[in-house]
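Novice: Sharing upload-v2.txt (compact mmCIF, C-alpha atoms) below.
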```txt
# COMPACT_ATOMS: atom_id res chain seq x y z
CA LEU K 1 87.88 97.86 -25.43
CA ILE K 2 90.71 97.57 -27.94
CA GLY K 3 88.70 94.97 -29.87
CA LYS K 4 85.74 97.30 -30.16
CA LEU K 5 87.99 100.23 -31.09
CA VAL K 6 89.61 98.26 -33.90
CA THR K 7 86.79 96.05 -35.19
CA GLY K 8 83.62 97.77 -34.03
CA HIS K 9 82.30 94.53 -32.50
CA ASP K 10 81.39 93.91 -28.85
CA TYR K 11 83.48 91.34 -26.94
CA ASP K 12 81.99 91.84 -23.47
CA GLN K 13 80.76 88.26 -23.27
CA LEU K 14 84.33 86.95 -23.50
CA PHE K 15 85.58 88.72 -20.37
CA GLN K 16 84.83 89.08 -16.68
CA PHE K 17 85.92 91.93 -14.45
CA HIS K 18 86.85 91.39 -10.81
CA PRO K 19 88.26 94.55 -9.14
CA HIS K 20 91.42 94.07 -7.08
CA PHE K 21 93.73 96.48 -5.28
CA VAL K 22 96.64 95.80 -7.63
CA PRO K 23 98.91 97.82 -9.95
CA TYR K 24 97.81 98.61 -13.52
CA ILE K 25 94.08 98.74 -12.70
CA LEU K 26 93.74 102.52 -12.30
CA GLY K 27 94.75 103.37 -15.86
CA ASP K 28 92.24 100.88 -17.24
CA LEU K 29 89.51 102.29 -15.00
CA LEU K 30 90.24 105.88 -16.06
CA PHE K 31 90.18 104.86 -19.71
CA SER K 32 86.86 103.08 -19.16
CA VAL K 33 85.36 106.19 -17.54
CA ILE K 34 86.40 108.31 -20.53
CA LEU K 35 84.85 105.80 -22.92
CA PHE K 36 81.66 105.76 -20.85
CA PHE K 37 81.09 109.45 -21.60
CA THR K 38 82.51 109.70 -25.12
CA PRO K 39 82.37 107.73 -28.40
CA PHE K 40 85.09 105.12 -28.75
CA PHE K 41 87.46 106.79 -31.21
CA ARG K 42 87.06 110.21 -29.60
CA GLY K 43 87.54 108.67 -26.18
CA ALA K 44 90.74 106.93 -27.28
CA ALA K 45 92.08 110.22 -28.63
CA CYS K 46 91.15 111.98 -25.37
CA TRP K 47 92.90 109.24 -23.38
CA LEU K 48 96.12 109.57 -25.38
CA ALA K 49 96.02 113.36 -25.15
CA PHE K 50 95.45 113.18 -21.40
CA VAL K 51 98.41 110.86 -20.84
CA PHE K 52 100.65 112.96 -23.08
CA VAL K 53 99.73 116.39 -21.66
CA LEU K 54 99.85 115.27 -18.04
CA PHE K 55 103.61 114.60 -18.14
CA PRO K 56 104.88 118.14 -18.97
CA LEU K 57 102.32 119.67 -16.59
CA THR K 58 103.34 117.50 -13.64
CA LEU K 59 107.01 117.95 -14.55
CA LEU K 60 106.51 121.72 -14.36
CA SER K 61 104.74 121.46 -11.01
CA TYR K 62 107.49 119.30 -9.51
CA ILE K 63 110.46 121.35 -10.72
CA ARG K 64 108.87 124.59 -9.59
CA ALA K 65 108.02 123.05 -6.21
CA ARG K 66 111.72 122.20 -5.77
CA LEU K 67 113.40 125.18 -7.43
CA GLY K 68 110.86 127.97 -7.02
CA SER K 69 109.40 130.27 -9.66
CA LYS K 70 112.67 131.44 -11.27
CA THR K 71 112.73 128.56 -13.76
CA PRO K 72 110.92 129.59 -16.99
CA PRO K 73 107.75 127.52 -17.44
CA ALA K 74 108.25 127.43 -21.22
CA LEU K 75 111.63 125.72 -20.80
CA ILE K 76 110.09 122.93 -18.71
CA LEU K 77 106.99 122.53 -20.87
CA PHE K 78 108.91 122.36 -24.17
CA THR K 79 111.43 119.83 -22.87
CA GLY K 80 108.59 117.96 -21.17
CA CYS K 81 106.76 117.60 -24.48
CA PHE K 82 109.89 116.08 -26.00
CA LEU K 83 110.49 113.72 -23.09
CA GLY K 84 106.80 112.78 -22.98
CA SER K 85 106.77 111.60 -26.60
CA ASN K 86 109.31 108.90 -25.81
CA TRP K 87 109.52 105.28 -26.93
CA PHE K 88 107.25 104.09 -24.11
CA PHE K 89 104.42 106.40 -25.13
CA LEU K 90 104.66 105.64 -28.84
CA SER K 91 104.79 101.89 -28.12
CA GLY K 92 101.54 102.00 -26.16
CA TYR K 93 102.92 101.67 -22.60
CA LEU K 94 100.38 104.20 -21.41
CA ASN K 95 99.97 102.92 -17.86
CA TYR K 96 103.69 103.33 -17.31
CA CYS K 97 103.66 106.84 -18.80
CA LEU K 98 100.70 107.75 -16.61
CA SER K 99 102.49 106.41 -13.52
CA VAL K 100 105.48 108.66 -14.23
CA ALA K 101 103.15 111.69 -14.27
CA PHE K 102 101.34 110.54 -11.13
CA GLY K 103 104.72 109.99 -9.48
CA LEU K 104 105.80 113.55 -10.31
CA PHE K 105 102.55 114.90 -8.88
CA THR K 106 103.12 112.77 -5.77
CA LEU K 107 106.60 114.25 -5.37
CA THR K 108 105.14 117.75 -5.82
CA THR K 109 102.77 117.27 -2.89
CA TRP K 110 105.64 115.81 -0.84
CA GLU K 111 107.72 118.93 -1.49
CA HIS K 112 104.85 121.19 -0.41
CA TRP K 113 104.31 119.13 2.75
CA ILE K 114 108.02 119.10 3.66
CA GLN K 115 108.59 122.78 2.92
CA ASN K 116 105.44 124.21 4.55
CA LYS K 117 105.74 122.95 8.10
CA VAL K 118 103.88 125.92 9.60
CA SER K 119 101.03 125.83 7.09
CA ARG K 120 97.54 125.02 8.28
CA LYS K 121 97.13 122.94 5.17
CA LEU K 122 99.82 120.54 6.37
CA CYS K 123 97.45 117.62 6.92
CA TRP K 124 95.86 118.17 3.52
CA TYR K 125 99.26 118.06 1.84
CA TYR K 126 100.16 114.82 3.59
CA GLY K 127 96.76 113.31 2.77
CA PHE K 128 97.18 114.16 -0.91
CA PHE K 129 100.72 112.80 -0.77
CA ALA K 130 99.48 109.44 0.53
CA LEU K 131 96.53 109.38 -1.89
CA LEU K 132 98.69 110.15 -4.92
CA PHE K 133 101.25 107.54 -3.88
CA THR K 134 98.40 105.03 -3.83
CA CYS K 135 97.26 106.18 -7.28
CA THR K 136 100.81 105.79 -8.60
CA TYR K 137 100.95 102.26 -7.17
CA LEU K 138 97.61 101.34 -8.75
CA THR K 139 98.77 102.69 -12.13
CA HIS K 140 102.14 100.97 -12.55
CA LEU K 141 104.64 99.33 -10.23
CA ALA K 142 107.64 101.01 -11.89
CA GLY K 143 106.31 104.52 -11.25
CA PHE K 144 105.63 103.59 -7.63
CA PHE K 145 109.13 102.14 -7.19
CA PHE K 146 110.98 105.16 -8.58
CA ALA K 147 108.81 107.70 -6.75
CA GLY K 148 109.59 105.85 -3.53
CA ALA K 149 113.30 105.79 -4.36
CA ILE K 150 113.31 109.56 -4.98
CA VAL K 151 111.54 110.24 -1.67
CA ALA K 152 114.08 108.01 0.12
CA LEU K 153 117.09 109.65 -1.54
CA SER K 154 115.94 113.27 -1.20
CA GLY K 155 114.49 112.75 2.26
CA GLY K 156 117.64 111.00 3.45
CA VAL K 157 119.83 113.90 2.29
CA ARG K 158 117.61 116.47 4.00
CA TRP K 159 117.59 114.47 7.24
CA LEU K 160 121.39 114.16 7.23
CA LYS K 161 121.62 117.92 6.71
CA LYS K 162 119.10 118.41 9.54
CA GLU K 163 116.64 120.14 7.21
CA ILE K 164 113.88 117.76 8.27
CA SER K 165 113.31 115.74 11.43
CA PHE K 166 113.51 111.98 11.75
CA GLN K 167 109.74 111.98 12.26
CA ASP K 168 109.30 113.70 8.90
CA LEU K 169 111.54 111.10 7.28
CA VAL K 170 109.52 108.24 8.77
CA LEU K 171 106.22 109.83 7.76
CA SER K 172 107.57 110.30 4.22
CA GLY K 173 108.31 106.60 3.96
CA LEU K 174 105.08 105.45 5.56
CA PRO K 175 102.78 105.46 2.46
CA PRO K 176 105.22 103.72 0.08
CA GLY K 177 106.36 101.37 2.84
CA ALA K 178 102.79 100.35 3.71
CA LEU K 179 101.94 99.78 0.05
CA ALA K 180 105.11 97.73 -0.46
CA VAL K 181 104.25 95.52 2.52
CA LEU K 182 100.68 95.12 1.25
CA HIS K 183 101.96 94.22 -2.22
CA SER K 184 104.36 91.64 -0.81
CA ALA K 185 101.77 90.17 1.55
CA ALA K 186 99.31 89.75 -1.31
CA GLY K 187 101.85 87.54 -3.10
CA HIS K 188 102.29 89.80 -6.15
CA LEU K 189 106.09 89.66 -6.11
CA GLY K 190 106.19 86.19 -7.69
CA SER K 191 109.32 84.09 -7.95
CA ASN K 192 112.63 85.54 -6.86
CA SER K 193 114.70 82.89 -8.60
CA THR K 194 117.96 84.37 -9.82
CA ASP K 195 117.71 82.52 -13.14
CA LEU K 196 114.85 84.89 -14.05
CA TRP K 197 117.17 87.91 -13.84
CA VAL K 198 118.83 88.77 -17.15
CA TYR K 199 121.43 91.55 -17.22
CA ARG K 200 122.88 93.57 -20.07
CA SER K 201 126.56 93.69 -20.82
CA ALA K 202 128.42 96.87 -19.82
CA LEU K 203 128.40 98.12 -23.42
CA ASP K 204 124.69 97.40 -23.88
CA LYS K 205 123.93 99.16 -20.61
CA LEU K 206 125.78 102.25 -21.84
CA LEU K 207 124.06 102.20 -25.25
CA ALA K 208 120.64 101.63 -23.65
CA VAL K 209 120.80 105.13 -22.13
CA GLY K 210 119.39 106.33 -25.45
CA ALA K 211 116.63 103.72 -25.53
CA MET K 212 113.80 106.12 -24.65
CA PHE K 213 114.93 108.54 -27.38
CA TYR K 214 115.19 105.99 -30.21
CA ARG K 215 111.77 105.78 -31.86
CA PHE K 216 111.29 105.80 -35.64
CA ASP K 217 114.60 106.88 -37.17
CA LEU K 218 117.95 106.38 -35.46
CA ALA K 219 119.74 109.29 -37.15
CA VAL K 220 116.98 111.82 -36.47
CA ASP K 221 116.44 110.60 -32.93
CA ILE K 222 120.17 110.88 -32.20
CA LEU K 223 120.13 114.50 -33.40
CA LEU K 224 117.10 115.33 -31.26
CA GLY K 225 118.64 113.56 -28.28
CA LEU K 226 121.88 115.48 -28.72
CA LEU K 227 119.93 118.75 -28.84
CA PHE K 228 118.27 117.84 -25.55
CA CYS K 229 121.65 116.93 -24.04
CA GLY K 230 123.00 120.24 -25.33
CA ILE K 231 120.31 122.11 -23.39
CA ILE K 232 121.28 120.23 -20.22
CA ILE K 233 125.01 120.83 -20.72
CA THR K 234 124.40 124.53 -21.42
CA GLY K 235 122.90 125.00 -17.99
CA LEU K 236 125.60 122.92 -16.29
CA LEU K 237 128.73 124.30 -17.94
CA CYS K 238 128.01 127.59 -19.67
CA SER K 239 127.24 129.58 -16.54
CA ARG K 240 130.43 131.18 -15.24
CA SER K 241 128.94 131.29 -11.78
CA SER K 242 128.02 127.60 -11.71
CA ALA K 243 130.96 126.40 -9.58
CA PRO K 244 129.97 128.24 -6.35
CA TYR K 245 126.42 126.97 -6.59
CA MET K 246 127.57 123.36 -6.70
CA HIS K 247 127.99 123.72 -2.93
CA ARG K 248 124.43 124.86 -2.33
CA SER K 249 122.26 122.44 -0.39
CA ARG K 250 119.53 121.96 -3.01
CA VAL K 251 122.05 121.42 -5.80
CA GLN K 252 123.87 118.82 -3.71
CA GLU K 253 120.59 117.05 -3.00
CA THR K 254 119.63 116.98 -6.68
CA LEU K 255 123.08 115.71 -7.63
CA PHE K 256 122.94 113.00 -4.95
CA THR K 257 119.46 111.88 -6.07
CA LEU K 258 120.58 111.79 -9.69
CA THR K 259 123.61 109.69 -8.71
CA GLY K 260 121.37 107.31 -6.80
CA LEU K 261 119.07 106.90 -9.79
CA ILE K 262 122.07 106.22 -12.03
CA LEU K 263 123.20 103.47 -9.64
CA LEU K 264 119.68 102.03 -9.69
CA TYR K 265 119.76 101.99 -13.48
CA LEU K 266 123.10 100.17 -13.44
CA CYS K 267 121.87 97.59 -10.90
CA LEU K 268 118.49 96.84 -12.45
CA PRO K 269 118.24 93.87 -14.85
CA LEU K 270 117.12 93.88 -18.45
CA ASP K 271 114.51 91.17 -17.84
CA LEU K 272 112.88 90.24 -14.54
CA GLY K 273 110.87 87.09 -15.15
CA PRO K 274 108.31 87.86 -17.86
CA THR K 275 108.91 91.63 -17.55
CA SER K 276 111.25 93.13 -20.16
CA ASP K 277 113.11 96.45 -20.35
CA VAL K 278 113.14 96.85 -16.57
CA ASP K 279 116.27 98.97 -16.32
CA VAL K 280 115.35 101.51 -19.02
CA ARG K 281 112.27 102.50 -17.05
CA ALA K 282 114.65 104.50 -14.88
CA LEU K 283 115.67 106.68 -17.83
CA PRO K 284 112.83 109.27 -17.68
CA TYR K 285 113.76 109.98 -14.07
CA LEU K 286 117.44 110.36 -14.96
CA MET K 287 116.52 112.91 -17.63
CA ILE K 288 114.18 114.75 -15.26
CA PHE K 289 116.84 115.17 -12.57
CA ALA K 290 119.52 116.07 -15.13
CA LEU K 291 117.18 118.81 -16.40
CA MET K 292 116.48 119.90 -12.83
CA LEU K 293 120.18 120.10 -11.98
CA SER K 294 120.81 122.18 -15.10
CA CYS K 295 117.96 124.56 -14.25
CA GLU K 296 119.10 124.89 -10.63
CA ILE K 297 122.66 125.82 -11.59
CA GLY K 298 121.75 128.10 -14.48
CA LYS K 299 118.63 129.79 -13.10
CA ARG K 300 120.51 132.88 -11.87
CA ASN K 301 121.67 133.70 -15.40
CA SER K 302 118.60 135.08 -17.17
CA CYS K 303 120.34 135.34 -20.55
CA LEU K 304 121.39 131.71 -20.32
CA LEU K 305 117.85 130.63 -19.44
CA GLN K 306 116.50 132.50 -22.47
CA ARG K 307 118.89 130.61 -24.73
CA MET K 308 117.90 127.31 -23.13
CA THR K 309 114.22 128.16 -23.58
CA LEU K 310 114.73 129.05 -27.25
CA ALA K 311 116.62 125.79 -27.82
CA SER K 312 113.87 123.81 -26.05
CA ALA K 313 111.22 125.46 -28.29
CA ILE K 314 113.21 124.45 -31.38
CA LEU K 315 113.53 120.94 -29.95
CA ALA K 316 109.78 120.65 -29.37
CA LEU K 317 108.91 121.92 -32.88
CA LEU K 318 111.44 119.63 -34.60
CA ASN K 319 110.18 116.69 -32.55
CA LEU K 320 106.56 117.47 -33.46
CA TYR K 321 107.42 117.71 -37.15
CA PHE K 322 109.36 114.45 -37.00
CA LEU K 323 106.50 112.62 -35.28
CA THR K 324 103.96 113.99 -37.76
CA THR K 325 105.94 112.85 -40.78
CA SER K 326 106.67 109.46 -39.17
CA LEU K 327 103.05 108.75 -38.26
CA ALA K 328 101.50 109.89 -41.57
CA PRO K 329 102.29 106.61 -43.42
CA LYS K 330 100.83 104.65 -40.48
CA GLU K 331 97.60 106.62 -40.79
CA ILE K 332 97.22 105.53 -44.42
CA PHE K 333 97.85 101.91 -43.46
CA LEU K 334 95.36 102.00 -40.59
CA SER K 335 92.67 103.48 -42.84
CA GLN K 336 93.17 100.53 -45.20
CA TYR K 337 93.18 98.20 -42.19
CA LEU K 338 89.82 99.47 -40.94
CA ASN K 339 88.31 99.25 -44.44
CA ALA K 340 89.47 95.63 -44.69
CA LEU K 341 87.88 94.81 -41.33
CA GLN K 342 84.55 96.18 -42.49
CA GLU K 343 84.58 93.77 -45.43
CA ILE K 344 84.72 90.71 -43.11
CA PRO K 345 81.23 89.18 -42.67
CA LEU K 346 79.90 89.30 -39.13
CA GLY K 347 80.61 86.11 -37.19
CA GLN K 348 83.47 84.89 -39.39
CA ARG K 349 86.64 83.56 -37.76
CA VAL K 350 89.84 85.31 -38.84
CA LEU K 351 93.51 85.10 -37.86
CA PRO K 352 94.82 88.61 -37.11
CA VAL K 353 98.40 89.11 -38.25
CA ALA K 354 100.44 92.30 -37.73
CA THR K 355 101.54 93.15 -41.26
CA LEU K 356 102.78 96.68 -40.53
CA PRO K 357 106.58 96.33 -40.33
CA ASP K 358 108.61 97.59 -37.40
CA THR K 359 109.89 101.13 -37.80
CA GLY K 360 113.09 101.90 -35.96
CA ARG K 361 112.65 100.73 -32.38
CA ILE K 362 108.83 100.87 -32.52
CA GLN K 363 108.19 97.11 -32.54
CA ILE K 364 104.67 96.95 -33.89
CA ALA K 365 104.54 93.16 -34.16
CA GLN K 366 105.30 92.76 -30.44
CA HIS K 367 102.19 94.62 -29.22
CA PRO K 368 100.07 95.11 -32.35
CA ALA K 369 96.77 95.92 -30.64
CA GLU K 370 98.20 98.58 -28.31
CA THR K 371 100.41 100.09 -31.01
CA TYR K 372 97.62 100.21 -33.58
CA MET K 373 95.40 101.99 -31.09
CA THR K 374 98.16 104.49 -30.22
CA PHE K 375 98.80 105.25 -33.90
```
Is it possible to express this structure as structure tokens?
Specialist:
Amino acid sequence: LIGKLVTGHDYDQLFQFHPHFVPYILGDLLFSVILFFTPFFRGAACWLAFVFVLFPLTLLSYIRARLGSKTPPALILFTGCFLGSNWFFLSGYLNYCLSVAFGLFTLTTWEHWIQNKVSRKLCWYYGFFALLFTCTYLTHLAGFFFAGAIVALSGGVRWLKKEISFQDLVLSGLPPGALAVLHSAAGHLGSNSTDLWVYRSALDKLLAVGAMFYRFDLAVDILLGLLFCGIIITGLLCSRSSAPYMHRSRVQETLFTLTGLILLYLCLPLDLGPTSDVDVRALPYLMIFALMLSCEIGKRNSCLLQRMTLASAILALLNLYFLTTSLAPKEIFLSQYLNALQEIPLGQRVLPVATLPDTGRIQIAQHPAETYMTF
């Protein structure tokens, strides 16, 4: 598909497709369905737009499922647009980005199922919960892992506080547990040799917290990241009534889940066999729960929420302007690239070389095909 998008030639005879119940297949299938109904370039644009838009929408659904309707939707959507345009998305890791959105939707259905015990739609909620967990697994293993961790952490807190029964806790862990056993039984885990685990130093681990924010320009990305952190800190510290609410059950649960995710980030390696940047895949979830904690503490101060919403709108607009100006030079290069490809006679052998230099942390030479398509 990427070959036809870039060169216009058909490479179907070079590949075979054998469907398997394994991670990463669902994103490819969804992309193929889009391309079946639309022209290639339009389909690629629709695919990127779908992956991008799905994150803020599912983030909104999850936060409102946990916190109720008092949180302003604009605040979540604006910050979601900033978080969704992270390094993973701009580097072409679209299956991972999609799995984060699917994971948030999975957690939304879990919240509805847990909170609506007397609803007649209870079985439907649980069925959707299991189905979406399966979709998350089939999209990317990282999204499946962190969604399962969040269910375990939040569900464990609620069980200890006697907000849910032990049966509810077991049923919550049944879909991810069954999928994990199936994944292990199928032999997808690979080697567990400790020499394949590479860890960061303590300093690198601390600096890597900003990895998802660093994209094209370090100085600009630091400023945008600080603005996002400022929004979080405003909700946490600038509400005079925040201290009493730190003892509320839902705030304690969010804080405990965030702490658990931080510990996971600290324990995860940099490289696990051939897989790189394992630990930083926890960062979107850390930011989501930090935002959720800020909204939970500050949601009773309407004036404070208005300021946070205004700041998030400014953040989204500045981020959009920055991305537009950063991608404009790439558009000129890619137009020249496509024109050069059209000059190559049909059937000639060529050696493709990524000549577009890396920009900031966007390492174009590492995944040229995916990055070219994303640009």
Novice: Go through K:Glu343, K:Phe21, K:Asp168, K:Glu111 and flag the residue nearest K:Ala186, using all atoms listed in the file for the distances.
Specialist: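 Under the stated criterion, the closest residue is K:Phe21.
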Novice: Can you tell me which residues surround K:Leu153 at a distance of at most 10 Å, considering only C-alpha atoms, apart from same-chain residues fewer than 6 positions away, and format the answer as a list in words?
Specialist: Ala147, Glu253, Thr254, Phe256, Thr257, Leu258, Thr259, Gly260 and Leu261 of chain K
Novice: My list of candidates is K:Phe37, K:Thr275, K:Phe105, K:Ser294. Which is closest to K:Ala130 when distances are computed with only C-alpha atoms?
Specialist: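 Answer, going by the shortest atom-to-atom distance: K:Phe105.
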Novice: What does the structure give for the distance between atom CA of K:Leu317 and atom CA of K:Leu206, in Å to one decimal?
Specialist: 28.2 Å
Novice: Excluding K:Thr359 and its own-chain neighbours fewer than 3 positions away, which residues fall within 7 Å of it when counting all atoms listed in the file? Please give them as a VMD selection string.
Specialist: chain K and resid 216 362 to 363
Novice: May I have the residues at most 6 Å from (104.8, 104.8, -13.1) in the file's coordinates, counting only C-alpha atoms, as a PyMOL selection string?
Specialist: chain K and resi 96+99-100+140+142-144
Novice: Measuring between only C-alpha atoms, which one of K:Phe55, K:Phe78, K:Phe88, K:Phe17 shows the shortest distance to K:Arg215?
Specialist: K:Phe88
Novice: Can you tell me how far atom CA of K:Met308 sits from atom CA of K:Pro73, in Å to one decimal?
Specialist: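 These atoms are spaced 11.6 Å apart.
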Novice: Please compute the atom CA of K:Tyr62-atom CA of K:Thr106 distance, one decimal, in Å.
Specialist: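 It comes out at 8.7 Å.
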Novice: For K:Thr109, which residue among K:Arg349, K:Arg64, K:Arg361, K:Lys205 is the nearest when counting all atoms listed in the file?
Specialist: K:Arg64
Novice: Tell me which protein, DNA and RNA residues are within 8 Å of K:His112, counting all atoms listed in the file, leaving out same-chain ones fewer than 3 positions away, and put them as a PDB file with C-alpha atoms, keeping the file's coordinate frame.
Specialist:
```pdb
ATOM      1  CA  ALA K  65     108.020 123.050  -6.210  1.00  0.00           C
ATOM      2  CA  THR K 108     105.140 117.750  -5.820  1.00  0.00           C
ATOM      3  CA  THR K 109     102.770 117.270  -2.890  1.00  0.00           C
ATOM      4  CA  GLN K 115     108.590 122.780   2.920  1.00  0.00           C
ATOM      5  CA  ASN K 116     105.440 124.210   4.550  1.00  0.00           C
ATOM      6  CA  TYR K 125      99.260 118.060   1.840  1.00  0.00           C
TER       7      TYR K 125
END
```
Novice: For K:Gly177, which of K:Tyr199, K:Pro274, K:Trp159, K:Ala152 is the closest residue, counting only C-alpha atoms?
Specialist: K:Ala152
Novice: Calculated over all atoms listed in the file, which of the candidates K:Gln306, K:Phe40, K:Leu334, K:Leu182 has the smallest distance to K:Ala74?
Specialist: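 For K:Ala74, the nearest of the candidates is K:Gln306.
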Novice: Give me the residues within 12 Å of K:Val53 as a PDB file with C-alpha atoms, keeping the file's coordinate frame, counting only C-alpha atoms and dropping any in the same chain fewer than 3 places off.
Specialist:
```
ATOM      1  CA  CYS K  46      91.150 111.980 -25.370  1.00  0.00           C
ATOM      2  CA  TRP K  47      92.900 109.240 -23.380  1.00  0.00           C
ATOM      3  CA  LEU K  48      96.120 109.570 -25.380  1.00  0.00           C
ATOM      4  CA  ALA K  49      96.020 113.360 -25.150  1.00  0.00           C
ATOM      5  CA  PHE K  50      95.450 113.180 -21.400  1.00  0.00           C
ATOM      6  CA  PRO K  56     104.880 118.140 -18.970  1.00  0.00           C
ATOM      7  CA  LEU K  57     102.320 119.670 -16.590  1.00  0.00           C
ATOM      8  CA  THR K  58     103.340 117.500 -13.640  1.00  0.00           C
ATOM      9  CA  LEU K  59     107.010 117.950 -14.550  1.00  0.00           C
ATOM     10  CA  LEU K  60     106.510 121.720 -14.360  1.00  0.00           C
ATOM     11  CA  LEU K  77     106.990 122.530 -20.870  1.00  0.00           C
ATOM     12  CA  PHE K  78     108.910 122.360 -24.170  1.00  0.00           C
ATOM     13  CA  GLY K  80     108.590 117.960 -21.170  1.00  0.00           C
ATOM     14  CA  CYS K  81     106.760 117.600 -24.480  1.00  0.00           C
ATOM     15  CA  PHE K  82     109.890 116.080 -26.000  1.00  0.00           C
ATOM     16  CA  LEU K  83     110.490 113.720 -23.090  1.00  0.00           C
ATOM     17  CA  GLY K  84     106.800 112.780 -22.980  1.00  0.00           C
ATOM     18  CA  SER K  85     106.770 111.600 -26.600  1.00  0.00           C
ATOM     19  CA  PHE K  89     104.420 106.400 -25.130  1.00  0.00           C
ATOM     20  CA  CYS K  97     103.660 106.840 -18.800  1.00  0.00           C
ATOM     21  CA  LEU K  98     100.700 107.750 -16.610  1.00  0.00           C
ATOM     22  CA  ALA K 101     103.150 111.690 -14.270  1.00  0.00           C
TER      23      ALA K 101
END
```
Novice: Could you pull stretch 158-163 of chain K out of the structure I just pasted and write it to a file containing all heavy atoms, as a PDB file, in the first residue's frame?
Specialist:
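To be explicit, this is the file written out as selection.pdb:
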```pdb
ATOM      1  N   ARG K 158     -11.164   0.203  43.739  1.00  0.00           N
ATOM      2  CA  ARG K 158     -12.607   0.189  44.013  1.00  0.00           C
ATOM      3  C   ARG K 158     -13.004  -1.056  44.810  1.00  0.00           C
ATOM      4  O   ARG K 158     -13.914  -1.003  45.643  1.00  0.00           O
ATOM      5  CB  ARG K 158     -13.380   0.262  42.698  1.00  0.00           C
ATOM      6  CG  ARG K 158     -13.153   1.558  41.957  1.00  0.00           C
ATOM      7  CD  ARG K 158     -13.994   1.684  40.704  1.00  0.00           C
ATOM      8  NE  ARG K 158     -13.527   2.785  39.884  1.00  0.00           N
ATOM      9  CZ  ARG K 158     -14.141   3.241  38.800  1.00  0.00           C
ATOM     10  NH1 ARG K 158     -15.279   2.672  38.406  1.00  0.00           N
ATOM     11  NH2 ARG K 158     -13.644   4.249  38.111  1.00  0.00           N
ATOM     12  N   TRP K 159     -12.334  -2.173  44.543  1.00  0.00           N
ATOM     13  CA  TRP K 159     -12.646  -3.380  45.321  1.00  0.00           C
ATOM     14  C   TRP K 159     -12.203  -3.225  46.780  1.00  0.00           C
ATOM     15  O   TRP K 159     -12.923  -3.607  47.701  1.00  0.00           O
ATOM     16  CB  TRP K 159     -11.967  -4.585  44.678  1.00  0.00           C
ATOM     17  CG  TRP K 159     -12.165  -5.848  45.460  1.00  0.00           C
ATOM     18  CD1 TRP K 159     -13.343  -6.514  45.670  1.00  0.00           C
ATOM     19  CD2 TRP K 159     -11.145  -6.579  46.155  1.00  0.00           C
ATOM     20  NE1 TRP K 159     -13.122  -7.623  46.444  1.00  0.00           N
ATOM     21  CE2 TRP K 159     -11.783  -7.694  46.767  1.00  0.00           C
ATOM     22  CE3 TRP K 159      -9.773  -6.416  46.310  1.00  0.00           C
ATOM     23  CZ2 TRP K 159     -11.080  -8.630  47.521  1.00  0.00           C
ATOM     24  CZ3 TRP K 159      -9.076  -7.351  47.060  1.00  0.00           C
ATOM     25  CH2 TRP K 159      -9.716  -8.438  47.649  1.00  0.00           C
ATOM     26  N   LEU K 160     -11.014  -2.654  46.982  1.00  0.00           N
ATOM     27  CA  LEU K 160     -10.534  -2.440  48.346  1.00  0.00           C
ATOM     28  C   LEU K 160     -11.436  -1.479  49.107  1.00  0.00           C
ATOM     29  O   LEU K 160     -11.600  -1.605  50.331  1.00  0.00           O
ATOM     30  CB  LEU K 160      -9.096  -1.901  48.322  1.00  0.00           C
ATOM     31  CG  LEU K 160      -8.020  -2.887  47.863  1.00  0.00           C
ATOM     32  CD1 LEU K 160      -6.674  -2.184  47.737  1.00  0.00           C
ATOM     33  CD2 LEU K 160      -7.919  -4.070  48.829  1.00  0.00           C
ATOM     34  N   LYS K 161     -12.026  -0.513  48.407  1.00  0.00           N
ATOM     35  CA  LYS K 161     -12.941   0.428  49.050  1.00  0.00           C
ATOM     36  C   LYS K 161     -14.374  -0.096  49.079  1.00  0.00           C
ATOM     37  O   LYS K 161     -15.295   0.639  49.455  1.00  0.00           O
ATOM     38  CB  LYS K 161     -12.897   1.771  48.308  1.00  0.00           C
ATOM     39  CG  LYS K 161     -11.589   2.535  48.492  1.00  0.00           C
ATOM     40  CD  LYS K 161     -11.620   3.841  47.728  1.00  0.00           C
ATOM     41  CE  LYS K 161     -10.405   4.692  48.050  1.00  0.00           C
ATOM     42  NZ  LYS K 161     -10.411   5.193  49.437  1.00  0.00           N
ATOM     43  N   LYS K 162     -14.547  -1.354  48.621  1.00  0.00           N
ATOM     44  CA  LYS K 162     -15.861  -2.010  48.618  1.00  0.00           C
ATOM     45  C   LYS K 162     -16.876  -1.286  47.737  1.00  0.00           C
ATOM     46  O   LYS K 162     -18.083  -1.318  47.989  1.00  0.00           O
ATOM     47  CB  LYS K 162     -16.401  -2.155  50.046  1.00  0.00           C
ATOM     48  CG  LYS K 162     -15.478  -2.931  50.976  1.00  0.00           C
ATOM     49  CD  LYS K 162     -16.122  -3.175  52.316  1.00  0.00           C
ATOM     50  CE  LYS K 162     -15.147  -3.888  53.267  1.00  0.00           C
ATOM     51  NZ  LYS K 162     -14.642  -5.153  52.755  1.00  0.00           N
ATOM     52  N   GLU K 163     -16.382  -0.621  46.684  1.00  0.00           N
ATOM     53  CA  GLU K 163     -17.274   0.016  45.722  1.00  0.00           C
ATOM     54  C   GLU K 163     -17.747  -0.973  44.665  1.00  0.00           C
ATOM     55  O   GLU K 163     -18.785  -0.748  44.030  1.00  0.00           O
ATOM     56  CB  GLU K 163     -16.567   1.198  45.055  1.00  0.00           C
ATOM     57  CG  GLU K 163     -16.210   2.322  46.017  1.00  0.00           C
ATOM     58  CD  GLU K 163     -15.473   3.451  45.330  1.00  0.00           C
ATOM     59  OE1 GLU K 163     -15.366   3.421  44.093  1.00  0.00           O
ATOM     60  OE2 GLU K 163     -15.013   4.379  46.024  1.00  0.00           O
TER      61      GLU K 163
END
```
